[in-house]
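So this block is upload_31.txt, compact mmCIF, C-alpha atoms:
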# COMPACT_ATOMS: atom_id res chain seq x y z
CA MET A 1 0.00 0.00 0.00
CA SER A 2 1.49 3.35 -0.99
CA LYS A 3 1.99 6.22 1.46
CA LEU A 4 -1.05 8.45 1.86
CA ARG A 5 -0.54 12.00 0.56
CA LYS A 6 -1.94 15.07 2.33
CA LEU A 7 -3.86 17.89 0.66
CA ILE A 8 -5.14 21.07 2.28
CA ILE A 9 -7.78 23.45 0.94
CA MET A 10 -7.39 26.99 2.25
CA ASP A 11 -10.60 28.86 1.60
CA ASP A 12 -12.69 31.30 3.62
CA ASP A 13 -15.92 29.69 2.37
CA PRO A 14 -16.60 26.50 4.39
CA HIS A 15 -19.34 25.40 1.97
CA TYR A 16 -16.99 25.52 -1.02
CA ALA A 17 -14.15 23.87 0.92
CA GLY A 18 -16.44 21.12 2.26
CA MET A 19 -17.79 20.09 -1.15
CA LEU A 20 -14.38 20.38 -2.83
CA ALA A 21 -12.86 18.18 -0.11
CA LEU A 22 -15.55 15.54 -0.67
CA LYS A 23 -15.08 15.58 -4.45
CA LEU A 24 -11.32 15.22 -4.01
CA ARG A 25 -11.73 12.30 -1.60
CA MET A 26 -14.09 10.58 -4.03
CA GLN A 27 -11.68 11.07 -6.93
CA PHE A 28 -8.49 10.30 -4.99
CA PRO A 29 -9.17 7.90 -2.10
CA GLU A 30 -5.42 7.77 -1.40
CA LEU A 31 -5.46 11.47 -0.39
CA ILE A 32 -6.00 12.76 3.14
CA VAL A 33 -7.95 15.98 2.54
CA SER A 34 -8.31 18.78 5.09
CA SER A 35 -9.70 22.28 4.84
CA TYR A 36 -8.76 25.46 6.68
CA ASN A 37 -10.52 28.81 6.64
CA LYS A 38 -7.74 31.11 7.86
CA ALA A 39 -4.97 32.73 5.87
CA ASP A 40 -2.10 31.62 8.14
CA LEU A 41 -0.24 28.71 6.70
CA PRO A 42 0.00 25.18 8.17
CA GLY A 43 3.00 23.11 7.03
CA GLY A 44 3.42 19.40 6.26
CA TYR A 45 1.16 19.00 3.23
CA ASP A 46 1.96 17.60 -0.22
CA ILE A 47 -0.67 19.61 -2.06
CA TYR A 48 -1.97 23.11 -1.27
CA VAL A 49 -5.17 24.45 -2.86
CA LEU A 50 -5.26 28.16 -2.02
CA ASP A 51 -8.07 30.64 -2.48
CA ASN A 52 -6.85 34.01 -3.72
CA ASP A 53 -9.61 35.92 -1.96
CA PHE A 54 -9.83 35.74 1.83
CA PHE A 55 -12.72 37.86 3.16
CA GLY A 56 -12.13 40.41 0.42
CA GLU A 57 -8.32 40.44 0.69
CA LYS A 58 -6.29 39.15 -2.27
CA CYS A 59 -3.64 37.04 -0.59
CA GLY A 60 -3.25 34.00 -2.89
CA ALA A 61 0.16 35.05 -4.24
CA GLN A 62 1.53 35.74 -0.76
CA LEU A 63 0.25 32.37 0.46
CA ALA A 64 1.77 30.58 -2.55
CA GLU A 65 5.14 32.24 -1.91
CA ASN A 66 5.01 31.21 1.77
CA VAL A 67 4.12 27.62 0.85
CA ARG A 68 7.15 27.47 -1.43
CA LYS A 69 9.34 28.40 1.55
CA ILE A 70 7.94 25.80 3.99
CA ALA A 71 7.16 22.99 1.50
CA PRO A 72 9.43 23.36 -1.55
CA LYS A 73 8.35 20.08 -3.19
CA SER A 74 4.62 20.56 -2.75
CA LEU A 75 2.07 21.14 -5.50
CA VAL A 76 0.56 24.62 -5.25
CA ILE A 77 -2.76 25.42 -6.89
CA VAL A 78 -4.46 28.80 -6.63
CA LEU A 79 -8.18 29.45 -7.06
CA SER A 80 -9.05 32.90 -8.30
CA GLY A 81 -11.93 34.67 -9.95
CA THR A 82 -9.65 37.17 -11.69
CA LEU A 83 -6.28 36.78 -13.38
CA GLU A 84 -4.41 40.06 -12.90
CA PHE A 85 -0.95 40.11 -14.48
CA SER A 86 0.72 40.84 -11.13
CA LEU A 87 -0.86 37.73 -9.62
CA LEU A 88 0.19 35.53 -12.56
CA LYS A 89 3.74 36.86 -12.45
CA ARG A 90 4.14 36.14 -8.75
CA LEU A 91 2.61 32.68 -9.13
CA VAL A 92 4.93 31.79 -12.03
CA ASN A 93 7.91 32.98 -9.99
CA CYS A 94 7.06 30.74 -7.06
CA HIS A 95 6.37 27.76 -9.36
CA ALA A 96 2.68 27.47 -8.65
CA ALA A 97 1.34 24.67 -10.83
CA GLY A 98 -1.77 26.51 -11.94
CA VAL A 99 -4.45 29.09 -11.27
CA PHE A 100 -8.05 28.11 -11.75
CA ASP A 101 -11.38 29.89 -11.84
CA LYS A 102 -13.72 28.52 -9.16
CA SER A 103 -16.78 29.20 -11.28
CA ASN A 104 -15.52 27.37 -14.36
CA GLU A 105 -16.31 23.66 -14.64
CA GLY A 106 -13.58 23.16 -17.25
CA ASP A 107 -11.05 24.61 -14.81
CA PHE A 108 -12.24 22.18 -12.15
CA ALA A 109 -11.49 19.23 -14.46
CA CYS A 110 -8.03 20.69 -15.23
CA MET A 111 -7.28 21.02 -11.52
CA MET A 112 -8.24 17.37 -10.92
CA GLU A 113 -5.95 16.30 -13.78
CA LEU A 114 -3.07 18.30 -12.36
CA ILE A 115 -3.48 16.64 -8.95
CA GLU A 116 -3.67 13.21 -10.58
CA GLN A 117 -0.45 13.83 -12.51
CA PHE A 118 1.29 14.96 -9.32
CA LEU A 119 0.15 11.86 -7.42
CA LEU A 120 1.18 9.55 -10.27
CA ARG A 121 4.58 11.19 -10.56
CA ASN A 122 5.20 10.86 -6.83
CA SER A 123 3.96 7.27 -6.78
CA ASN A 124 6.29 6.33 -9.66
CA GLN A 125 9.28 7.93 -7.93
CA ARG A 126 8.57 6.01 -4.72
CA GLU A 127 8.32 2.72 -6.60
CA GLY A 128 11.66 3.30 -8.31
CA VAL A 129 10.26 4.04 -11.76
CA GLU A 130 12.40 6.46 -13.76
CA PRO A 131 11.27 10.06 -13.15
CA SER A 132 9.98 12.13 -16.08
CA SER A 133 12.46 12.53 -18.90
CA MET A 134 13.84 15.93 -19.96
CA THR A 135 11.55 15.87 -23.00
CA GLY A 136 8.59 15.25 -20.73
CA THR A 137 9.62 18.12 -18.44
CA LEU A 138 10.06 20.51 -21.35
CA SER A 139 6.73 19.46 -22.76
CA GLY A 140 5.17 20.14 -19.33
CA ILE A 141 6.68 23.65 -19.18
CA ARG A 142 5.60 24.32 -22.78
CA ASP A 143 2.03 23.27 -21.98
CA LEU A 144 2.06 25.42 -18.86
CA MET A 145 3.30 28.49 -20.79
CA LYS A 146 0.69 27.89 -23.47
CA GLU A 147 -2.01 27.77 -20.80
CA TRP A 148 -0.75 30.95 -19.10
CA ASN A 149 -0.67 32.77 -22.46
CA LYS A 150 -4.17 31.60 -23.31
CA ARG A 151 -5.42 32.90 -19.98
CA LEU A 152 -3.60 36.21 -20.32
CA ALA A 153 -5.05 36.71 -23.81
CA PHE A 154 -8.53 35.95 -22.50
CA GLU A 155 -8.09 38.35 -19.59
CA GLU A 156 -6.77 41.12 -21.86
CA LYS A 157 -9.80 40.71 -24.14
CA ARG A 158 -12.15 40.71 -21.17
CA VAL A 159 -10.68 43.89 -19.66
CA SER A 160 -10.55 45.83 -22.95
CA MET B 1 4.25 -7.85 -14.35
CA CYS B 2 0.98 -6.30 -13.26
CA LYS B 3 1.36 -4.59 -9.88
CA THR B 4 -1.57 -5.02 -7.50
CA GLY B 5 -0.19 -2.37 -5.12
CA LYS B 6 -1.15 -4.72 -2.24
CA LYS B 7 1.33 -5.23 0.59
CA ILE B 8 1.89 -8.57 2.24
CA LEU B 9 3.84 -9.23 5.43
CA ILE B 10 5.39 -12.70 5.83
CA VAL B 11 6.54 -13.65 9.33
CA GLU B 12 8.35 -16.96 8.89
CA ASP B 13 11.68 -18.24 10.25
CA THR B 14 12.13 -21.10 7.75
CA LYS B 15 14.03 -19.40 4.94
CA THR B 16 13.01 -21.86 2.20
CA VAL B 17 9.30 -21.31 2.99
CA SER B 18 9.55 -17.50 3.23
CA MET B 19 11.63 -17.30 0.02
CA LEU B 20 9.16 -19.45 -1.91
CA LEU B 21 6.18 -17.44 -0.64
CA SER B 22 7.90 -14.11 -1.22
CA ALA B 23 9.05 -14.94 -4.77
CA THR B 24 5.63 -16.30 -5.80
CA LEU B 25 3.71 -13.37 -4.30
CA LYS B 26 6.06 -10.85 -5.94
CA ARG B 27 5.58 -12.59 -9.29
CA GLU B 28 1.83 -12.15 -8.81
CA GLY B 29 2.32 -8.40 -8.38
CA PHE B 30 2.23 -8.12 -4.58
CA ARG B 31 4.73 -6.06 -2.59
CA VAL B 32 6.25 -8.26 0.09
CA ASP B 33 8.14 -7.71 3.34
CA VAL B 34 9.63 -10.62 5.27
CA ALA B 35 10.45 -10.87 8.99
CA GLU B 36 11.99 -13.94 10.61
CA THR B 37 11.00 -13.04 14.17
CA ILE B 38 8.20 -11.31 16.09
CA ALA B 39 10.60 -8.46 16.93
CA GLY B 40 11.42 -8.04 13.23
CA ALA B 41 7.72 -8.00 12.36
CA ARG B 42 7.02 -5.32 14.99
CA LYS B 43 9.75 -3.10 13.48
CA LEU B 44 8.21 -3.42 10.00
CA LEU B 45 4.74 -2.66 11.38
CA GLU B 46 6.00 0.42 13.21
CA ARG B 47 7.68 1.65 10.02
CA LYS B 48 4.40 1.18 8.15
CA ALA B 49 2.52 3.13 10.85
CA GLU B 50 5.04 5.99 10.58
CA GLN B 51 4.35 6.07 6.83
CA GLN B 52 0.60 6.16 7.62
CA SER B 53 0.33 2.92 5.69
CA LYS B 54 -0.52 -0.69 6.54
CA TYR B 55 -0.39 -4.26 5.25
CA ASP B 56 -3.27 -5.73 3.32
CA LEU B 57 -2.49 -9.22 4.57
CA ALA B 58 -0.09 -10.88 7.05
CA LEU B 59 1.02 -14.52 6.92
CA VAL B 60 2.22 -15.42 10.42
CA ASP B 61 3.96 -18.65 11.36
CA ILE B 62 2.75 -19.82 14.76
CA SER B 63 6.10 -21.22 15.85
CA LEU B 64 8.73 -18.46 15.84
CA PRO B 65 12.19 -18.32 17.50
CA ASP B 66 11.37 -15.42 19.84
CA GLY B 67 7.80 -16.30 20.79
CA ASP B 68 4.35 -17.53 19.90
CA GLY B 69 2.98 -16.25 16.55
CA ALA B 70 -0.48 -16.20 18.18
CA ASP B 71 0.67 -13.25 20.31
CA LEU B 72 1.54 -11.32 17.17
CA LEU B 73 -1.84 -12.22 15.65
CA ARG B 74 -3.52 -10.85 18.77
CA GLU B 75 -1.60 -7.56 18.40
CA LEU B 76 -2.49 -7.34 14.72
CA SER B 77 -6.19 -8.01 15.26
CA GLY B 78 -6.39 -5.26 17.86
CA SER B 79 -4.74 -2.65 15.61
CA ALA B 80 -5.27 -1.01 12.23
CA TRP B 81 -1.87 -2.26 10.95
CA CYS B 82 -3.22 -5.12 8.91
CA ASN B 83 -6.54 -5.96 7.23
CA VAL B 84 -6.36 -9.77 6.96
CA ARG B 85 -4.36 -12.29 9.00
CA TYR B 86 -3.42 -15.87 8.06
CA ALA B 87 -1.87 -18.22 10.62
CA VAL B 88 0.59 -20.78 9.21
CA SER B 89 1.60 -23.90 11.15
CA ALA B 90 2.72 -27.52 10.76
CA ASP B 91 0.31 -28.46 13.57
CA ALA B 92 -2.86 -29.74 11.91
CA SER B 93 -4.73 -30.40 15.17
CA ARG B 94 -8.16 -28.91 15.78
CA ARG B 95 -6.93 -27.34 19.02
CA ALA B 96 -4.06 -25.46 17.30
CA LYS B 97 -6.44 -24.17 14.64
CA LYS B 98 -8.94 -23.01 17.30
CA ASN B 99 -6.19 -21.21 19.25
CA ALA B 100 -5.00 -19.36 16.15
CA LEU B 101 -8.53 -18.31 15.14
CA ASN B 102 -9.22 -17.16 18.72
CA ALA B 103 -6.02 -15.07 18.54
CA GLY B 104 -7.44 -13.17 15.55
CA ALA B 105 -6.44 -15.21 12.49
CA ASP B 106 -8.91 -15.05 9.62
CA ARG B 107 -7.64 -18.37 8.21
CA TYR B 108 -5.48 -21.26 9.37
CA VAL B 109 -3.07 -22.73 6.81
CA THR B 110 -1.34 -26.02 7.57
CA LYS B 111 2.12 -26.92 6.28
CA PRO B 112 2.87 -28.34 3.81
CA PHE B 113 0.51 -26.23 1.71
CA ASP B 114 -0.33 -25.99 -1.99
CA ILE B 115 1.39 -22.73 -2.92
CA ARG B 116 -0.88 -22.10 -5.97
CA ALA B 117 -4.07 -22.60 -3.94
CA LEU B 118 -2.74 -20.30 -1.19
CA ILE B 119 -1.83 -17.51 -3.64
CA ASP B 120 -5.26 -17.77 -5.31
CA ARG B 121 -6.94 -17.55 -1.91
CA ILE B 122 -4.86 -14.48 -0.94
CA SER B 123 -5.70 -12.75 -4.25
CA ASP B 124 -9.43 -13.43 -3.73
CA GLU B 125 -9.34 -12.33 -0.10
CA VAL B 126 -7.47 -9.06 -0.62
CA GLY B 127 -9.53 -8.18 -3.71
CA ARG B 128 -12.83 -8.95 -1.97
CA ARG B 129 -11.95 -6.78 1.02
CA LYS B 130 -11.15 -3.93 -1.33
CA ILE B 131 -14.60 -4.09 -2.94
CA VAL B 132 -16.36 -4.16 0.45
CA ARG B 133 -14.35 -1.15 1.66
CA HIS B 134 -15.13 0.74 -1.57
CA ASN B 135 -18.89 0.15 -1.21
CA GLU B 136 -18.82 1.30 2.41
CA LYS B 137 -16.98 4.45 1.33
CA THR B 138 -19.42 5.17 -1.50
CA GLU B 139 -22.37 5.02 0.92
CA SER B 140 -20.72 7.39 3.38
CA TRP B 141 -19.78 9.77 0.54
CA ILE B 142 -23.39 9.92 -0.67
CA GLU B 143 -24.57 10.60 2.87
CA GLU B 144 -21.98 13.38 3.27
CA GLN B 145 -22.87 14.87 -0.12
CA ASN B 146 -26.58 15.00 0.81
CA GLN B 147 -25.77 16.65 4.13
CA LEU B 148 -23.53 19.25 2.47
CA ALA B 149 -26.23 19.99 -0.14
CA GLN B 150 -28.83 20.49 2.63
CA ASP B 151 -26.46 22.79 4.56
CA TYR B 152 -25.84 24.78 1.39
CA THR B 153 -29.58 25.23 0.74
CA ASP B 154 -29.94 26.57 4.31
CA HIS B 155 -26.94 28.83 3.63
CA LEU B 156 -28.66 30.27 0.52
CA VAL B 157 -31.81 30.96 2.56
CA ALA B 158 -29.66 32.85 5.09
CA ILE B 159 -27.99 34.84 2.28
CA CYS B 160 -31.43 35.81 0.96
CA GLU B 161 -32.29 37.25 4.38
CA GLU B 162 -28.89 38.95 4.66
CA LEU B 163 -29.41 40.66 1.29
CA GLU B 164 -32.65 42.29 2.47
CA THR B 165 -30.72 44.95 4.39
CA PRO B 166 -27.75 47.09 3.27
CA MET B 167 -24.30 45.65 3.84
CA PRO B 168 -20.73 47.05 3.49
CA PHE B 169 -19.42 47.21 -0.10
CA LYS B 170 -16.45 44.95 0.70
CA ALA B 171 -18.67 42.34 2.36
CA LEU B 172 -20.99 42.32 -0.65
CA LYS B 173 -18.04 41.83 -3.02
CA SER B 174 -16.73 39.00 -0.87
CA ARG B 175 -20.19 37.38 -0.78
CA LEU B 176 -20.40 37.54 -4.60
CA HIS B 177 -16.94 36.02 -4.89
CA GLN B 178 -17.91 33.13 -2.61
CA LEU B 179 -21.18 32.53 -4.46
CA ARG B 180 -19.43 32.34 -7.85
CA GLY B 181 -17.43 29.32 -6.74
CA SER B 182 -19.72 27.54 -4.28
CA ALA B 183 -22.92 27.83 -6.37
CA MET B 184 -21.12 26.21 -9.32
CA LEU B 185 -19.85 23.38 -7.14
CA TYR B 186 -23.36 22.69 -5.76
CA GLY B 187 -24.98 22.79 -9.20
CA PHE B 188 -26.59 26.28 -9.00
CA ARG B 189 -25.05 27.43 -12.28
CA LYS B 190 -27.38 30.41 -12.81
CA ILE B 191 -26.52 31.85 -9.39
CA SER B 192 -22.82 31.38 -10.10
CA THR B 193 -23.02 33.11 -13.49
CA LEU B 194 -25.14 35.94 -12.06
CA ALA B 195 -22.75 36.44 -9.12
CA SER B 196 -19.85 36.65 -11.58
CA ASP B 197 -21.67 39.21 -13.73
CA LEU B 198 -22.82 41.29 -10.73
CA SER B 199 -19.31 41.26 -9.27
CA GLU B 200 -17.89 42.79 -12.46
CA ARG B 201 -20.63 45.39 -12.62
CA LEU B 202 -20.20 46.26 -8.94
CA THR B 203 -16.47 46.80 -9.53
CA ALA B 204 -17.24 49.02 -12.53
CA HIS B 205 -20.02 51.12 -10.92
CA GLY B 206 -18.97 51.16 -7.25
CA PRO B 207 -21.10 51.18 -4.07
CA SER B 208 -23.97 53.06 -5.76
CA PHE B 209 -24.82 49.81 -7.56
CA SER B 210 -25.00 47.78 -4.31
CA GLU B 211 -28.76 47.98 -3.82
CA GLU B 212 -29.49 46.74 -7.35
CA VAL B 213 -26.99 43.90 -6.86
CA ARG B 214 -28.62 42.80 -3.61
CA GLU B 215 -32.12 42.85 -5.11
CA THR B 216 -31.17 41.01 -8.32
CA LEU B 217 -29.22 38.36 -6.45
CA ARG B 218 -31.96 37.85 -3.87
CA GLN B 219 -34.56 37.30 -6.60
CA GLU B 220 -32.38 34.75 -8.41
CA ILE B 221 -31.67 32.81 -5.22
CA ARG B 222 -35.39 32.71 -4.40
CA VAL B 223 -36.19 31.40 -7.88
CA ALA B 224 -33.44 28.76 -7.61
CA LEU B 225 -34.64 27.60 -4.20
CA SER B 226 -38.26 27.34 -5.36
CA ARG B 227 -37.30 24.97 -8.21
Using the file provided, produce a representation of the structure as structure tokens.
Amino acid sequence: MSKLRKLIIMDDDPHYAGMLALKLRMQFPELIVSSYNKADLPGGYDIYVLDNDFFGEKCGAQLAENVRKIAPKSLVIVLSGTLEFSLLKRLVNCHAAGVFDKSNEGDFACMMELIEQFLLRNSNQREGVEPSSMTGTLSGIRDLMKEWNKRLAFEEKRVS
Amino acid sequence: MCKTGKKILIVEDTKTVSMLLSATLKREGFRVDVAETIAGARKLLERKAEQQSKYDLALVDISLPDGDGADLLRELSGSAWCNVRYAVSADASRRAKKNALNAGADRYVTKPFDIRALIDRISDEVGRRKIVRHNEKTESWIEEQNQLAQDYTDHLVAICEELETPMPFKALKSRLHQLRGSAMLYGFRKISTLASDLSERLTAHGPSFSEEVRETLRQEIRVALSR
């Protein structure tokens, strides 16, 4: 039996966090899912799902940067309704894996896929399977950049 | 080789037996740990507990150099370290079998045993337990989902009441932000889309638009709840 991985949802809305936690547990029974409705950061998790908006304050980028300091190998995902350039820039710099819109069902599916890939990658490494090749890594970065650009273009169009 | 991902603990001091069991189980896709003594088994179990993991099945020889395997079976049955326990012994007497089952063994295997039949039985046992656990989980998930949905409906009723009176601009923006995400997750797509739209318009027009936002949102929530 493989080691259980720990995921935390940091969101000020307990209703959103509760249902998201349930959906994650149903999709990934090997995950221990917790939720937390304050903006101070608990350590010791493999995956962090962070809300950008805490009671009206935009603190997702700051939280992501702090996670990177206390859990350098963790997967960081940010949930945000808006995609300001400053937020994207800070998230890219701290190697956040993605930023997703809470109200978009397509984004929800993408987030699930990202978590699955992370769990698979970690499981393979534990079982001694060769980690991703350089080509695979480059392809991952390319896909990520493509996604960021798509989102930036969408945001630019929406604002103008 | 197809990996089952299932972990088996073999506690057996006769090397030829443990090697045969280990090699055959590994070939079948199981992950196997072997201990020759009770002390060695306890170390492996503690390591598993530290990793927040456990064994799916333990094969425990009753006669071990540092004690009675029945004692280990008793420890295993009283803990969450192992799902299924098999006792293995050369003693085919009814009394020995009864003692092992009383100590917490799920099955009693007498030596010499048919290795193929034993592996088939282990595969069936571990697989069957997995299905039972999955069904139990599914039922508890459905129950939790229903409870969350009920709580959310009550939450929407409370929001409707809250929106009847003026509220600070920042609190209204935060409420719209929360509704965008949560309403989508609970299947209230119209509320989510409306909250998104109202949030943008509130940002564009400022606090003067608050009253219209509250009224529009309240009406939509009422309609959604009446459906």
Spatial neighbours of Leu7 of chain A, max dist 6 Å, all atoms listed in the file, sep filter under 2 positions, as a PyMOL selection string: chain A and resi 33+45-48
Chain A contacts to chain B at 9 Å (all atoms listed in the file) as a VMD selection string: chain A and resid 1 to 4 12 to 13 15 to 20 22 to 23 25 to 26 53 to 57 81 101 to 105
Now that the selection is made, can you save its residues with C-alpha atoms as a PDB file, in the frame of the given file?
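Once written, out-v3.pdb looks like this:
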ATOM      1  CA  MET A   1       0.000   0.000   0.000  1.00  0.00           C
ATOM      2  CA  SER A   2       1.490   3.350  -0.990  1.00  0.00           C
ATOM      3  CA  LYS A   3       1.990   6.220   1.460  1.00  0.00           C
ATOM      4  CA  LEU A   4      -1.050   8.450   1.860  1.00  0.00           C
ATOM      5  CA  ASP A  12     -12.690  31.300   3.620  1.00  0.00           C
ATOM      6  CA  ASP A  13     -15.920  29.690   2.370  1.00  0.00           C
ATOM      7  CA  HIS A  15     -19.340  25.400   1.970  1.00  0.00           C
ATOM      8  CA  TYR A  16     -16.990  25.520  -1.020  1.00  0.00           C
ATOM      9  CA  ALA A  17     -14.150  23.870   0.920  1.00  0.00           C
ATOM     10  CA  GLY A  18     -16.440  21.120   2.260  1.00  0.00           C
ATOM     11  CA  MET A  19     -17.790  20.090  -1.150  1.00  0.00           C
ATOM     12  CA  LEU A  20     -14.380  20.380  -2.830  1.00  0.00           C
ATOM     13  CA  LEU A  22     -15.550  15.540  -0.670  1.00  0.00           C
ATOM     14  CA  LYS A  23     -15.080  15.580  -4.450  1.00  0.00           C
ATOM     15  CA  ARG A  25     -11.730  12.300  -1.600  1.00  0.00           C
ATOM     16  CA  MET A  26     -14.090  10.580  -4.030  1.00  0.00           C
ATOM     17  CA  ASP A  53      -9.610  35.920  -1.960  1.00  0.00           C
ATOM     18  CA  PHE A  54      -9.830  35.740   1.830  1.00  0.00           C
ATOM     19  CA  PHE A  55     -12.720  37.860   3.160  1.00  0.00           C
ATOM     20  CA  GLY A  56     -12.130  40.410   0.420  1.00  0.00           C
ATOM     21  CA  GLU A  57      -8.320  40.440   0.690  1.00  0.00           C
ATOM     22  CA  GLY A  81     -11.930  34.670  -9.950  1.00  0.00           C
ATOM     23  CA  ASP A 101     -11.380  29.890 -11.840  1.00  0.00           C
ATOM     24  CA  LYS A 102     -13.720  28.520  -9.160  1.00  0.00           C
ATOM     25  CA  SER A 103     -16.780  29.200 -11.280  1.00  0.00           C
ATOM     26  CA  ASN A 104     -15.520  27.370 -14.360  1.00  0.00           C
ATOM     27  CA  GLU A 105     -16.310  23.660 -14.640  1.00  0.00           C
TER      28      GLU A 105
END
Would you mind listing what lies within 12 Å of Gly40 of chain B as a list in words, with only C-alpha atoms counted and same-chain residues fewer than 3 positions away left out?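 Contacts, in chain order: Leu9, Ile10, Val11, Glu12, Asp13, Asp33, Val34, Ala35, Glu36, Thr37, Lys43, Leu44, Leu45, Glu46, Arg47, Leu64, Pro65, Asp66, Gly67 and Leu72 of chain B.
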Just-selected residues, C-alpha atoms written as a tab-separated table (two decimals), in the frame of the given file:
chain	number	residue	atom	x	y	z
B	9	LEU	CA	3.84	-9.23	5.43
B	10	ILE	CA	5.39	-12.70	5.83
B	11	VAL	CA	6.54	-13.65	9.33
B	12	GLU	CA	8.35	-16.96	8.89
B	13	ASP	CA	11.68	-18.24	10.25
B	33	ASP	CA	8.14	-7.71	3.34
B	34	VAL	CA	9.63	-10.62	5.27
B	35	ALA	CA	10.45	-10.87	8.99
B	36	GLU	CA	11.99	-13.94	10.61
B	37	THR	CA	11.00	-13.04	14.17
B	43	LYS	CA	9.75	-3.10	13.48
B	44	LEU	CA	8.21	-3.42	10.00
B	45	LEU	CA	4.74	-2.66	11.38
B	46	GLU	CA	6.00	0.42	13.21
B	47	ARG	CA	7.68	1.65	10.02
B	64	LEU	CA	8.73	-18.46	15.84
B	65	PRO	CA	12.19	-18.32	17.50
B	66	ASP	CA	11.37	-15.42	19.84
B	67	GLY	CA	7.80	-16.30	20.79
B	72	LEU	CA	1.54	-11.32	17.17
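For the atom pair formed by atom CA of Met112 of chain A and atom CA of Val126 of chain B, the distance is 28.4 Å, given to one decimal.
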Determine, counting all atoms listed in the file, which protein, DNA and RNA residues have an atom within 12 Å of an atom of Val84 of chain B; residues of the same chain fewer than 3 positions away are not included. Present the result as a VMD selection string. chain B and resid 6 to 9 54 to 60 73 76 to 81 87 104 to 108 121 to 130
Just to confirm, what's the straight-line distance from atom CA of Cys94 of chain A to atom CA of Phe28 of chain A in Å (one decimal)?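 Separation between atom CA of Cys94 of chain A and atom CA of Phe28 of chain A: 25.8 Å.
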When you draw a straight line from atom CA of Leu156 of chain B to atom CA of Gln27 of chain A, how long is it in Å? 26.7 Å
Can you pull out every residue within 9 Å of Thr24 of chain B, counting all atoms listed in the file, but drop anything in the same chain fewer than 5 positions away, and send it as JSON, numbers by chain? {"B": [19, 29, 30, 115, 116, 119]}
